[in-house]
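Below is one structure, written out as structure tokens; comments come after it.
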Amino acid sequence: MTTQTEFQPQATDASTTAFAVLYAEVQQFYARHMHQLDRGEADAWAAGFAEDASFSVPTLPEPVVGRSGLATAVRRSAAALAEAGEQHRHWPGVFDVVPQPDGSVVVHSYTTVFASPLGGDSRVHRVCTCTDVLVRDEGGRLLIQDRKVGRDDLR
Amino acid sequence: MTTQTEFQPQATDASTTAFAVLYAEVQQFYARHMHQLDRGEADAWAAGFAEDASFSVPTLPEPVVGRSGLATAVRRSAAALAEAGEQHRHWPGVFDVVPQPDGSVVVHSYTTVFASPLGGDSRVHRVCTCTDVLVRDEGGRLLIQDRKVGRDDLR
Amino acid sequence: MTTQTEFQPQATDASTTAFAVLYAEVQQFYARHMHQLDRGEADAWAAGFAEDASFSVPTLPEPVVGRSGLATAVRRSAAALAEAGEQHRHWPGVFDVVPQPDGSVVVHSYTTVFASPLGGDSRVHRVCTCTDVLVRDEGGRLLIQDRKVGRDDLR
């Protein structure tokens, strides 16, 4: 018997529950990942990628490949931001999560970067698209195998 | 027996699981929907509405009714943006999801529209509120039956 | 037997389901909470805090303690915004949700505040970090026990 305020489960079978579990896991993964980036935790951030991950952005002629190169790039950015007295926040969202038959997960998302100079006005710095292929390590944790970033101001 | 690092399930009964399943489904629905809008995929986007859906915005004297009129409006916007060399991103979020006794779902959310001119600075274009009534088609997929958009700069 | 389009549940045990349930609950909690704030519903918003909650921000020398003081602060802000003809939207996100062994939940998130003057251009007003300790009331509802807000422009 239902009442006015009782919510009736609908279509909560193994498949919809599995998708919800994955969706939460993906959001948590990106949240931790971006907090690490914005705190300049280069190695922790790079550990979210597969060892041989590929990361491509429109401002580089070739993808960056591997955790070590990724960590180096983040250390360089963090130092430049500290010198400039500016805090960046990478805000991921609008996650279109597409599980693949092989167990990997394709995630289409947007990332907005907000910038705040010390004592100044915060602003939108960049609006980006991000298409990731996520895989799992032996322990079942998500890892980024491939990332392709697009910038809305550079088409 | 629990350890320091083990998370104990709490209140994970049929009702809380059903809400989590719905919450993930709603987020995935809006993500796909807005990606389609920003890519100018007018028909795919309009297919997210019920056939007789009503869409009201403060800048139109009457609601737009039906998928065909909605798709036409998106095609017109996409052409105008392409001509202006500007990319828009509709970013939905802050979802207050309220399941209704009749099986429909009311979703109160915000949508920020970011704009990026080619070669220029990205910016906040609009901040909107969005109240949707979602229903399900025969296959169980979510559809927008009614959408009411508000703009924070036009009260 | 799987098909190309069938998603295989992976790792959907009690613990991952419980995390997904919590993650959805946390997002719903923050969404409702921020909608209440932006509508100036001071008492409803303050009811999301524990009776003896502590709220610290960099612009106050001491934390605000207790629901009554929190509600008063929101009423004052709402009146000032109405007088200025400006609508603020508090947008929480990038939730790093960390369940604690004692049943409380630590949530690290970002909050961007968008501002829209009536008839003017919307903009980013503030970019903040927010670390909350969430607990549960006797009915199992989430409550904020402790909130620490940081502002990216004030370090």
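The way I read the labels, and the way they are meant: chains A, B, ... in the order of the structure tokens, residue 1 as the first residue of every chain, and ligand 1 as the first ligand shown, with later ones counted on from there.
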
Exercise for review: Within range 39-131 of chain C, find each residue whose DSSP state, derived from the backbone, is helix (DSSP H, G or I), and express the selection as a PyMOL selection string.
Suggested key: chain C and resi 42-46+67-84

Restrict the selected residues to N, CA, C and O atoms and save them as a PDB file, in the first residue's frame.
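Written file, result.pdb:
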ATOM      1  N   ALA C  42      15.353  31.216   5.016  1.00  0.00           N
ATOM      2  CA  ALA C  42      16.401  31.181   6.044  1.00  0.00           C
ATOM      3  C   ALA C  42      16.190  30.049   7.047  1.00  0.00           C
ATOM      4  O   ALA C  42      17.143  29.332   7.389  1.00  0.00           O
ATOM      5  N   ASP C  43      14.969  29.848   7.514  1.00  0.00           N
ATOM      6  CA  ASP C  43      14.745  28.836   8.550  1.00  0.00           C
ATOM      7  C   ASP C  43      14.865  27.422   7.981  1.00  0.00           C
ATOM      8  O   ASP C  43      15.438  26.538   8.618  1.00  0.00           O
ATOM      9  N   ALA C  44      14.320  27.206   6.786  1.00  0.00           N
ATOM     10  CA  ALA C  44      14.439  25.882   6.158  1.00  0.00           C
ATOM     11  C   ALA C  44      15.910  25.557   5.910  1.00  0.00           C
ATOM     12  O   ALA C  44      16.364  24.435   6.143  1.00  0.00           O
ATOM     13  N   TRP C  45      16.653  26.564   5.454  1.00  0.00           N
ATOM     14  CA  TRP C  45      18.077  26.366   5.206  1.00  0.00           C
ATOM     15  C   TRP C  45      18.819  26.045   6.501  1.00  0.00           C
ATOM     16  O   TRP C  45      19.610  25.088   6.562  1.00  0.00           O
ATOM     17  N   ALA C  46      18.534  26.817   7.537  1.00  0.00           N
ATOM     18  CA  ALA C  46      19.222  26.607   8.817  1.00  0.00           C
ATOM     19  C   ALA C  46      18.881  25.255   9.426  1.00  0.00           C
ATOM     20  O   ALA C  46      19.681  24.675  10.167  1.00  0.00           O
ATOM     21  N   ARG C  67      21.695  27.290  14.784  1.00  0.00           N
ATOM     22  CA  ARG C  67      20.751  27.575  13.696  1.00  0.00           C
ATOM     23  C   ARG C  67      20.235  28.997  13.682  1.00  0.00           C
ATOM     24  O   ARG C  67      20.045  29.588  12.612  1.00  0.00           O
ATOM     25  N   SER C  68      20.010  29.535  14.864  1.00  0.00           N
ATOM     26  CA  SER C  68      19.382  30.857  14.935  1.00  0.00           C
ATOM     27  C   SER C  68      20.293  31.925  14.329  1.00  0.00           C
ATOM     28  O   SER C  68      19.863  32.756  13.529  1.00  0.00           O
ATOM     29  N   GLY C  69      21.568  31.873  14.678  1.00  0.00           N
ATOM     30  CA  GLY C  69      22.522  32.839  14.129  1.00  0.00           C
ATOM     31  C   GLY C  69      22.702  32.660  12.626  1.00  0.00           C
ATOM     32  O   GLY C  69      22.860  33.637  11.887  1.00  0.00           O
ATOM     33  N   LEU C  70      22.664  31.407  12.181  1.00  0.00           N
ATOM     34  CA  LEU C  70      22.808  31.132  10.745  1.00  0.00           C
ATOM     35  C   LEU C  70      21.617  31.692   9.974  1.00  0.00           C
ATOM     36  O   LEU C  70      21.778  32.325   8.923  1.00  0.00           O
ATOM     37  N   ALA C  71      20.411  31.494  10.511  1.00  0.00           N
ATOM     38  CA  ALA C  71      19.210  31.995   9.842  1.00  0.00           C
ATOM     39  C   ALA C  71      19.223  33.520   9.778  1.00  0.00           C
ATOM     40  O   ALA C  71      18.844  34.123   8.762  1.00  0.00           O
ATOM     41  N   THR C  72      19.680  34.141  10.843  1.00  0.00           N
ATOM     42  CA  THR C  72      19.754  35.604  10.875  1.00  0.00           C
ATOM     43  C   THR C  72      20.691  36.123   9.783  1.00  0.00           C
ATOM     44  O   THR C  72      20.370  37.102   9.085  1.00  0.00           O
ATOM     45  N   ALA C  73      21.819  35.452   9.633  1.00  0.00           N
ATOM     46  CA  ALA C  73      22.790  35.867   8.614  1.00  0.00           C
ATOM     47  C   ALA C  73      22.192  35.757   7.210  1.00  0.00           C
ATOM     48  O   ALA C  73      22.414  36.628   6.358  1.00  0.00           O
ATOM     49  N   VAL C  74      21.427  34.701   6.971  1.00  0.00           N
ATOM     50  CA  VAL C  74      20.814  34.526   5.646  1.00  0.00           C
ATOM     51  C   VAL C  74      19.730  35.569   5.407  1.00  0.00           C
ATOM     52  O   VAL C  74      19.604  36.107   4.306  1.00  0.00           O
ATOM     53  N   ARG C  75      18.947  35.858   6.427  1.00  0.00           N
ATOM     54  CA  ARG C  75      17.905  36.893   6.267  1.00  0.00           C
ATOM     55  C   ARG C  75      18.536  38.240   5.917  1.00  0.00           C
ATOM     56  O   ARG C  75      18.031  38.970   5.062  1.00  0.00           O
ATOM     57  N   ARG C  76      19.660  38.540   6.556  1.00  0.00           N
ATOM     58  CA  ARG C  76      20.347  39.803   6.289  1.00  0.00           C
ATOM     59  C   ARG C  76      20.868  39.839   4.839  1.00  0.00           C
ATOM     60  O   ARG C  76      20.676  40.822   4.119  1.00  0.00           O
ATOM     61  N   SER C  77      21.478  38.742   4.403  1.00  0.00           N
ATOM     62  CA  SER C  77      21.986  38.676   3.019  1.00  0.00           C
ATOM     63  C   SER C  77      20.852  38.797   2.010  1.00  0.00           C
ATOM     64  O   SER C  77      20.978  39.488   0.997  1.00  0.00           O
ATOM     65  N   ALA C  78      19.751  38.100   2.284  1.00  0.00           N
ATOM     66  CA  ALA C  78      18.625  38.109   1.343  1.00  0.00           C
ATOM     67  C   ALA C  78      18.067  39.526   1.200  1.00  0.00           C
ATOM     68  O   ALA C  78      17.727  39.960   0.093  1.00  0.00           O
ATOM     69  N   ALA C  79      17.992  40.242   2.314  1.00  0.00           N
ATOM     70  CA  ALA C  79      17.477  41.617   2.275  1.00  0.00           C
ATOM     71  C   ALA C  79      18.420  42.522   1.479  1.00  0.00           C
ATOM     72  O   ALA C  79      17.978  43.346   0.672  1.00  0.00           O
ATOM     73  N   ALA C  80      19.717  42.343   1.687  1.00  0.00           N
ATOM     74  CA  ALA C  80      20.706  43.169   0.979  1.00  0.00           C
ATOM     75  C   ALA C  80      20.659  42.907  -0.529  1.00  0.00           C
ATOM     76  O   ALA C  80      20.749  43.840  -1.332  1.00  0.00           O
ATOM     77  N   LEU C  81      20.511  41.623  -0.905  1.00  0.00           N
ATOM     78  CA  LEU C  81      20.446  41.286  -2.328  1.00  0.00           C
ATOM     79  C   LEU C  81      19.178  41.846  -2.961  1.00  0.00           C
ATOM     80  O   LEU C  81      19.203  42.342  -4.097  1.00  0.00           O
ATOM     81  N   ALA C  82      18.066  41.753  -2.253  1.00  0.00           N
ATOM     82  CA  ALA C  82      16.801  42.283  -2.772  1.00  0.00           C
ATOM     83  C   ALA C  82      16.934  43.786  -2.998  1.00  0.00           C
ATOM     84  O   ALA C  82      16.512  44.321  -4.032  1.00  0.00           O
ATOM     85  N   GLU C  83      17.533  44.463  -2.050  1.00  0.00           N
ATOM     86  CA  GLU C  83      17.742  45.917  -2.146  1.00  0.00           C
ATOM     87  C   GLU C  83      18.643  46.259  -3.339  1.00  0.00           C
ATOM     88  O   GLU C  83      18.402  47.237  -4.053  1.00  0.00           O
ATOM     89  N   ALA C  84      19.654  45.418  -3.561  1.00  0.00           N
ATOM     90  CA  ALA C  84      20.593  45.659  -4.670  1.00  0.00           C
ATOM     91  C   ALA C  84      20.028  45.197  -6.014  1.00  0.00           C
ATOM     92  O   ALA C  84      20.625  45.465  -7.062  1.00  0.00           O
TER      93      ALA C  84
END

Point to revise | Residue list for chain B near chain C as a ChimeraX atom specification, 12 Å, only C-alpha atoms | key: /B:2-27,91-98,107-115,122-130,150-155

Practice item. Using DSSP on the backbone coordinates, identify all residues within range 13-105 of chain B classified as strand (DSSP E or B); present the result as a list in words. Key: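 Filtering range 13-105 of chain B down to strand (DSSP E or B) leaves Phe49, Ala50, Glu51, Asp52, Ala53, Ser54, Phe55, Ser56, Val64, Val65, Glu86, Gln87, His88, Arg89, His90, Trp91, Pro92, Gly93, Val94, Phe95, Asp96, Val97, Val98, Pro99 and Val105 of chain B.
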